[in-house]
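Data from structure_23.csv: CSV, C-alpha atoms
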chain,number,residue,atom,x,y,z
A,138,MET,CA,0.0,0.0,0.0
A,139,GLY,CA,3.0,2.3,-0.4
A,140,ALA,CA,5.1,4.2,2.0
A,141,LEU,CA,7.8,1.7,1.1
A,142,HIS,CA,10.7,0.8,3.4
A,143,ALA,CA,13.6,-1.7,3.4
A,144,GLY,CA,11.1,-4.5,4.2
A,145,HIS,CA,9.3,-4.0,0.9
A,146,ILE,CA,12.5,-3.6,-1.0
A,147,SER,CA,13.7,-6.9,0.4
A,148,LEU,CA,10.7,-8.6,-1.3
A,149,LEU,CA,11.7,-7.0,-4.6
A,150,GLU,CA,15.3,-8.2,-4.2
A,151,ILE,CA,14.2,-11.8,-3.6
A,152,ALA,CA,11.7,-11.6,-6.5
A,153,LEU,CA,14.4,-10.1,-8.8
A,154,LYS,CA,16.7,-13.1,-8.1
A,155,GLU,CA,13.9,-15.6,-9.1
A,156,ASN,CA,12.1,-13.9,-11.9
A,157,ASP,CA,12.7,-12.1,-15.2
A,158,VAL,CA,10.1,-9.4,-14.7
A,159,VAL,CA,9.0,-8.0,-11.3
A,160,ILE,CA,5.9,-5.9,-10.9
A,161,CYS,CA,5.1,-3.9,-7.8
A,162,SER,CA,1.5,-2.6,-7.2
A,163,ILE,CA,0.9,0.3,-5.0
A,164,PHE,CA,-2.8,0.8,-4.0
A,165,VAL,CA,-4.1,2.1,-0.7
A,166,ASN,CA,-7.1,-0.2,-0.6
A,167,PRO,CA,-10.2,1.5,1.0
A,168,THR,CA,-12.1,-1.8,1.6
A,169,GLN,CA,-9.6,-3.1,4.2
A,170,PHE,CA,-9.9,-0.1,6.5
A,171,ASN,CA,-12.7,-0.3,9.1
A,172,ASP,CA,-11.7,3.2,10.4
A,173,PRO,CA,-12.1,6.0,7.8
A,174,LYS,CA,-9.6,8.1,9.8
A,175,ASP,CA,-7.0,5.4,9.5
A,176,LEU,CA,-7.5,5.4,5.7
A,177,GLU,CA,-7.2,9.2,5.6
A,178,LYS,CA,-4.0,9.2,7.6
A,179,TYR,CA,-2.3,6.4,5.7
A,180,PRO,CA,0.9,7.8,4.1
A,181,ARG,CA,1.1,8.2,0.4
A,182,PRO,CA,4.7,9.3,-0.6
A,183,ILE,CA,4.4,8.2,-4.2
A,184,GLU,CA,7.3,10.1,-5.6
A,185,LYS,CA,9.7,8.7,-2.9
A,186,ASP,CA,8.2,5.2,-3.5
A,187,THR,CA,8.7,5.4,-7.2
A,188,GLU,CA,12.4,6.4,-6.7
A,189,LEU,CA,13.0,3.5,-4.4
A,190,LEU,CA,11.5,1.1,-6.9
A,191,GLU,CA,13.6,2.4,-9.7
A,192,LYS,CA,16.8,2.1,-7.6
A,193,ALA,CA,15.8,-1.5,-6.6
A,194,GLY,CA,15.4,-2.5,-10.2
A,195,CYS,CA,11.6,-3.0,-10.3
A,196,SER,CA,10.4,-3.7,-13.8
A,197,ILE,CA,6.9,-2.3,-13.6
A,198,LEU,CA,5.0,-0.1,-11.1
A,199,PHE,CA,1.2,-0.7,-11.3
A,200,LEU,CA,-0.5,2.3,-9.7
A,201,PRO,CA,-4.2,2.0,-10.2
A,202,GLU,CA,-6.9,4.5,-9.1
A,203,VAL,CA,-9.9,3.3,-7.0
A,204,GLU,CA,-12.2,3.3,-10.0
A,205,ASP,CA,-9.8,1.0,-11.9
A,206,ILE,CA,-10.1,-1.6,-9.2
A,207,TYR,CA,-13.7,-1.2,-8.1
A,208,GLY,CA,-15.4,0.5,-11.0
A,209,ASP,CA,-17.3,-2.6,-12.0
A,210,ASN,CA,-19.1,-2.6,-8.6
A,211,THR,CA,-18.9,-6.4,-8.5
A,212,PRO,CA,-19.9,-7.6,-5.0
A,213,TRP,CA,-17.4,-9.7,-3.1
A,214,THR,CA,-19.1,-12.6,-1.2
A,215,HIS,CA,-16.1,-15.0,-0.7
A,216,THR,CA,-15.3,-15.7,2.9
A,217,PHE,CA,-12.3,-17.3,4.7
A,218,GLY,CA,-14.2,-18.9,7.6
A,219,GLU,CA,-12.8,-18.6,11.1
A,220,LEU,CA,-9.4,-17.4,9.8
A,221,GLU,CA,-10.8,-13.9,8.9
A,222,ASN,CA,-12.5,-13.5,12.3
A,223,ILE,CA,-9.8,-14.2,14.8
A,224,TRP,CA,-6.9,-12.0,16.0
A,225,GLU,CA,-6.5,-9.2,13.4
A,226,GLY,CA,-9.9,-10.1,12.0
A,227,ALA,CA,-11.5,-9.6,15.4
A,228,MET,CA,-9.7,-6.3,16.0
A,229,ARG,CA,-10.4,-5.0,12.5
A,230,PRO,CA,-13.8,-6.4,11.4
A,231,GLY,CA,-14.1,-6.7,7.6
A,232,HIS,CA,-10.3,-6.1,7.1
A,233,PHE,CA,-9.6,-9.5,5.6
A,234,LYS,CA,-12.6,-9.4,3.4
A,235,GLY,CA,-11.1,-6.3,1.9
A,236,VAL,CA,-7.7,-7.8,1.6
A,237,GLY,CA,-9.0,-10.9,-0.1
A,238,GLN,CA,-11.1,-8.8,-2.6
A,239,VAL,CA,-8.3,-6.5,-3.6
A,240,VAL,CA,-5.6,-9.2,-3.9
A,241,TYR,CA,-7.9,-11.3,-6.0
A,242,LYS,CA,-8.5,-8.3,-8.3
A,243,LEU,CA,-4.7,-7.5,-8.5
A,244,PHE,CA,-3.9,-11.2,-9.2
A,245,ASN,CA,-6.4,-11.3,-12.1
A,246,ILE,CA,-5.0,-8.0,-13.6
A,247,VAL,CA,-1.3,-8.8,-13.3
A,248,LYS,CA,-1.5,-12.6,-13.5
A,249,PRO,CA,1.8,-13.3,-11.7
A,250,ASP,CA,3.5,-16.7,-11.6
A,251,ASN,CA,5.0,-15.9,-8.2
A,252,ALA,CA,3.8,-13.6,-5.4
A,253,TYR,CA,6.0,-12.3,-2.6
A,254,PHE,CA,4.6,-11.2,0.8
A,255,GLY,CA,6.2,-10.4,4.1
A,256,GLN,CA,5.9,-12.5,7.2
A,257,LYS,CA,5.2,-9.5,9.4
A,258,ASP,CA,1.5,-9.5,8.3
A,259,PHE,CA,1.3,-13.3,9.1
A,260,GLN,CA,-2.4,-13.7,9.2
A,261,GLN,CA,-2.7,-11.9,5.8
A,262,THR,CA,-0.3,-14.4,4.3
A,263,LEU,CA,-2.6,-17.2,5.4
A,264,ILE,CA,-5.6,-15.4,3.9
A,265,ILE,CA,-3.7,-15.1,0.6
A,266,LYS,CA,-2.7,-18.7,0.7
A,267,ARG,CA,-6.3,-19.7,1.2
A,268,LEU,CA,-7.4,-17.3,-1.6
A,269,ILE,CA,-5.0,-19.0,-4.0
A,270,GLN,CA,-6.3,-22.5,-3.0
A,271,ASP,CA,-10.0,-21.6,-3.1
A,272,PHE,CA,-9.8,-20.0,-6.5
A,273,LYS,CA,-7.2,-22.5,-7.8
A,274,LEU,CA,-5.0,-19.7,-9.0
A,275,PRO,CA,-1.8,-20.8,-10.8
A,276,ILE,CA,0.4,-18.7,-8.4
A,277,GLU,CA,3.2,-19.8,-6.1
A,278,LEU,CA,3.2,-17.8,-2.8
A,279,HIS,CA,6.5,-16.9,-1.2
A,280,ILE,CA,6.6,-15.7,2.4
A,281,CYS,CA,9.7,-13.6,3.0
A,282,PRO,CA,11.4,-12.9,6.4
A,283,ILE,CA,10.6,-9.9,8.6
A,284,ILE,CA,13.1,-7.0,8.2
A,285,ARG,CA,13.8,-5.2,11.5
A,286,GLU,CA,15.1,-1.9,12.6
A,287,LYS,CA,18.2,-1.7,14.8
A,288,ASN,CA,16.2,-2.0,18.0
A,289,GLY,CA,14.3,-5.0,16.6
A,290,LEU,CA,11.1,-3.2,15.6
A,291,ALA,CA,9.5,-4.9,12.6
A,292,MET,CA,9.6,-2.4,9.7
A,293,SER,CA,6.2,-1.0,8.9
A,294,SER,CA,4.8,2.0,7.0
A,295,ARG,CA,3.2,2.9,10.3
A,296,ASN,CA,6.5,3.3,12.2
A,297,ILE,CA,6.8,6.9,10.9
A,298,ARG,CA,3.9,7.9,13.2
A,299,LEU,CA,5.9,7.0,16.3
A,300,ASN,CA,7.5,9.9,18.2
A,301,ASP,CA,11.1,9.5,19.4
A,302,ALA,CA,10.2,8.1,22.8
A,303,GLU,CA,7.7,5.6,21.3
A,304,HIS,CA,10.2,4.5,18.7
A,305,LEU,CA,12.8,3.9,21.3
A,306,ALA,CA,10.4,2.0,23.5
A,307,SER,CA,9.1,-0.1,20.6
A,308,GLY,CA,12.2,-2.3,20.8
A,309,LYS,CA,10.4,-4.0,23.8
A,310,ILE,CA,8.2,-5.8,21.3
A,311,TYR,CA,11.1,-7.7,19.9
A,312,GLU,CA,12.5,-8.2,23.4
A,313,ALA,CA,9.2,-9.8,24.5
A,314,LEU,CA,9.2,-12.1,21.4
A,315,MET,CA,12.8,-13.1,22.0
A,316,SER,CA,12.2,-13.8,25.7
A,317,VAL,CA,9.7,-16.5,24.7
A,318,LYS,CA,11.9,-18.0,22.0
A,319,THR,CA,14.8,-18.1,24.4
A,320,GLY,CA,12.7,-19.8,27.0
A,321,ILE,CA,11.5,-22.5,24.5
A,322,ASP,CA,15.0,-23.0,23.2
A,323,ASN,CA,16.0,-23.7,26.8
A,324,GLN,CA,13.2,-26.3,27.1
A,325,GLU,CA,10.9,-24.1,29.1
A,326,PHE,CA,7.4,-25.1,28.1
A,327,ASP,CA,5.2,-23.4,30.8
A,328,PHE,CA,3.1,-21.3,28.4
A,329,GLU,CA,1.6,-19.2,31.1
A,330,ASN,CA,4.9,-18.3,32.6
A,331,LEU,CA,6.5,-17.6,29.2
A,332,LEU,CA,3.6,-15.3,28.2
A,333,ALA,CA,3.6,-13.6,31.7
A,334,LYS,CA,7.3,-12.7,31.3
A,335,ALA,CA,6.7,-11.3,27.8
A,336,ASN,CA,3.7,-9.4,29.0
A,337,ALA,CA,5.8,-7.9,31.9
A,338,ILE,CA,8.4,-6.7,29.4
A,339,LEU,CA,5.6,-4.9,27.3
A,340,GLN,CA,3.8,-3.5,30.3
A,341,SER,CA,7.1,-1.9,31.5
A,342,ILE,CA,6.3,0.8,28.8
A,343,PRO,CA,3.9,3.4,30.3
A,344,SER,CA,2.4,4.4,26.9
A,345,ILE,CA,1.7,0.9,25.5
A,346,GLN,CA,-1.7,-0.6,25.1
A,347,LEU,CA,-1.5,-4.4,24.7
A,348,GLU,CA,-4.3,-5.8,22.4
A,349,TYR,CA,-3.2,-9.4,22.3
A,350,ILE,CA,-0.2,-11.7,22.9
A,351,ASP,CA,-0.3,-15.5,22.4
A,352,LEU,CA,1.2,-18.6,21.1
A,353,VAL,CA,-0.5,-20.2,18.1
A,354,ASN,CA,-0.3,-22.9,15.5
A,355,PRO,CA,1.2,-21.1,12.4
A,356,GLU,CA,-1.0,-23.1,10.0
A,357,THR,CA,-4.4,-22.3,11.7
A,358,LEU,CA,-3.6,-19.5,14.1
A,359,GLN,CA,-5.4,-21.4,16.8
A,360,LYS,CA,-4.1,-21.1,20.4
A,361,VAL,CA,-1.6,-23.8,21.3
A,362,LEU,CA,-1.9,-25.1,24.9
A,363,LYS,CA,0.6,-28.0,24.7
A,364,ILE,CA,3.7,-28.4,22.7
A,365,ASN,CA,4.2,-31.6,20.6
A,366,GLN,CA,7.8,-32.4,19.7
A,367,ASN,CA,7.4,-31.8,15.9
A,368,ASP,CA,5.0,-28.9,16.0
A,369,LYS,CA,5.9,-25.4,14.9
A,370,LEU,CA,4.9,-22.6,17.2
A,371,LEU,CA,4.3,-18.9,16.4
A,372,MET,CA,4.1,-16.0,18.9
A,373,ILE,CA,1.9,-13.1,17.8
A,374,ILE,CA,1.6,-9.6,19.3
A,375,ALA,CA,-0.5,-6.5,18.7
A,376,VAL,CA,0.0,-3.3,20.6
A,377,LYS,CA,-0.8,0.4,20.4
A,378,PHE,CA,1.5,3.3,21.1
A,379,GLY,CA,-0.9,6.2,21.4
A,380,THR,CA,-2.9,6.0,18.1
A,381,THR,CA,-0.2,3.9,16.3
A,382,ARG,CA,-1.0,0.2,16.1
A,383,LEU,CA,1.8,-2.3,15.6
A,384,ILE,CA,1.8,-6.0,15.0
A,385,ASP,CA,4.6,-8.5,15.1
A,386,ASN,CA,5.3,-12.2,15.2
A,387,MET,CA,8.1,-14.8,15.5
A,388,TYR,CA,8.5,-18.5,15.0
A,389,VAL,CA,9.6,-19.5,18.6
A,390,LYS,CA,9.7,-23.2,17.6
A,391,SER,CA,10.2,-24.2,14.0
Could I get this structure in the form of structure tokens?
Amino acid sequence: MGALHAGHISLLEIALKENDVVICSIFVNPTQFNDPKDLEKYPRPIEKDTELLEKAGCSILFLPEVEDIYGDNTPWTHTFGELENIWEGAMRPGHFKGVGQVVYKLFNIVKPDNAYFGQKDFQQTLIIKRLIQDFKLPIELHICPIIREKNGLAMSSRNIRLNDAEHLASGKIYEALMSVKTGIDNQEFDFENLLAKANAILQSIPSIQLEYIDLVNPETLQKVLKINQNDKLLMIIAVKFGTTRLIDNMYVKS
């Protein structure tokens, strides 16, 4: 959706290694915002974005207008079941319906062989995976690693909204994630204790509002209450610093 940063550029770099032509679409999609103010505030530095894409070697920039995408007024009735209603879906009702709708439209316009998305928006990657499966689209989905700032904060277009104090404190999100991963690496499997330690790290920041923190199955996003030896485990976090909402995740067992 624009306001590109090193995380976005990393997707392009991976795609350029694996494809002859790489297309980047920039479209601030109105149907995935449940808060009109959030849509209005979303950054749109298109000149800077275009320059970054040119420097990265992007082949084509697809920059549609709203009427190009939604001019046909075709209703979108496809659903993703429980996956679109939990976690981010519960916090942002209708968000994943909008994501599914616009990605389906973009896929049908561009018709890519490969699609590259970042792990930071983990639930979104599962929605897109389901979209590809449900519509039997001939597209291979690639999930690329999270790119982080020096303090561990996952790169996001929203980070520019943080003031200096909030930006400094935001490193606690990564610290909380790492505390759980370190605990599990050390064979500590008391979920309640692990999450309590992570929560304490986050709550040490006076300005933070914790929305959720949990350990989930990365295939279904369902809460995990017991670790089986061969299971993967993902930790997910959503917080607010003032009016700025940040999400993050980490494989703490893979």
Exercise. Using atom CA of A:Lys287 and atom CA of A:Asp175 as the two end points, give the distance in Å to one decimal.
Key: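 A separation of 26.7 Å between them.
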Self-check item: Contact residues around stretch 314-330 of chain A with all atoms listed in the file at 12 Å, ignoring same-chain residues under 5 positions, as JSON, numbers by chain
Solution: {"A": [289, 290, 291, 308, 309, 335, 336, 337, 338, 339, 350, 351, 352, 353, 360, 361, 362, 363, 364, 365, 366, 369, 370, 371, 372, 373, 374, 375, 384, 385, 386, 387, 388, 389, 390, 391]}
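Between atom CA of A:Pro180 and atom CA of A:Gln260 the separation is 22.3 Å.
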Self-check item: Residues within 9 Å of A:Ala140, all atoms listed in the file, excluding chain neighbours under 2 positions, as a VMD selection string
Solution: chain A and resid 138 142 179 to 183 185 to 186 293 to 295
Okay, now the selection with C-alpha atoms, as a PDB file, in the coordinates of the input?
ATOM      1  CA  MET A 138       0.000   0.000   0.000  1.00  0.00           C
ATOM      2  CA  HIS A 142      10.700   0.800   3.400  1.00  0.00           C
ATOM      3  CA  TYR A 179      -2.300   6.400   5.700  1.00  0.00           C
ATOM      4  CA  PRO A 180       0.900   7.800   4.100  1.00  0.00           C
ATOM      5  CA  ARG A 181       1.100   8.200   0.400  1.00  0.00           C
ATOM      6  CA  PRO A 182       4.700   9.300  -0.600  1.00  0.00           C
ATOM      7  CA  ILE A 183       4.400   8.200  -4.200  1.00  0.00           C
ATOM      8  CA  LYS A 185       9.700   8.700  -2.900  1.00  0.00           C
ATOM      9  CA  ASP A 186       8.200   5.200  -3.500  1.00  0.00           C
ATOM     10  CA  SER A 293       6.200  -1.000   8.900  1.00  0.00           C
ATOM     11  CA  SER A 294       4.800   2.000   7.000  1.00  0.00           C
ATOM     12  CA  ARG A 295       3.200   2.900  10.300  1.00  0.00           C
TER      13      ARG A 295
END
Quiz item: Mind pulling up the distance from atom CA of A:Lys273 to atom CA of A:Asn156?
Solution: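 Taking atom CA of A:Asn156 as the start and atom CA of A:Lys273 as the end point, the length is 21.5 Å.
With distances taken over all atoms listed in the file, A:Asp157 is the one residue among A:Gly231, A:Gly379, A:Gln346, A:Asp157 lying closest to A:Pro249.
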Practice problem: Tell me which of A:Gln169, A:Gln256, A:Thr214, A:Asn251 sits closest to A:Glu155, counting all atoms listed in the file. | Solution: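 Ranked by minimum distance to A:Glu155, first place goes to A:Asn251.
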Practice problem: Name all residues at most 9 Å from A:Phe199 (count all atoms listed in the file; drop same-chain ones fewer than 6 positions away) and give them as a VMD selection string. | Solution: chain A and resid 160 to 164 247
The centre and edge lengths of an axis-aligned box containing all atoms of stretch 310-316 of chain A present in the file, extended by 8 Å on each side, are to be given in Å to one decimal, as lines of an AutoDock Vina configuration file.
center_x = 10.5
center_y = -9.8
center_z = 22.8
size_x = 20.6
size_y = 24.0
size_z = 21.8
Close residues, A:Pro212 itself excluded, 12 Å, only C-alpha atoms, min 6 positions apart in chain, as a compact mmCIF listing (two decimals) with C-alpha atoms, keeping the file's coordinate frame:
# COMPACT_ATOMS: atom_id res chain seq x y z
CA THR A 168 -12.10 -1.80 1.60
CA LYS A 234 -12.60 -9.40 3.40
CA GLY A 235 -11.10 -6.30 1.90
CA GLN A 238 -11.10 -8.80 -2.60
CA VAL A 239 -8.30 -6.50 -3.60
CA LYS A 242 -8.50 -8.30 -8.30
Quiz item: What lies within 12 Å of A:Glu204 using only C-alpha atoms, ignoring chain neighbours under 5 positions off, as a list of chain:residue names?
Solution: A:Phe164, A:Asn166, A:Pro167, A:Asp209, A:Asn210, A:Thr211
Quiz item: Counting all atoms listed in the file, which of A:Leu305, A:Asn171, A:Gly144, A:Ala152 gets nearest to A:Pro230?
Solution: A:Asn171
Quiz item: Nearest to A:Lys154: which of A:Leu268, A:Cys195, A:Leu332, A:Ile206 is it, counting all atoms listed in the file?
Solution: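 Distance minimum relative to A:Lys154 lands on A:Cys195.
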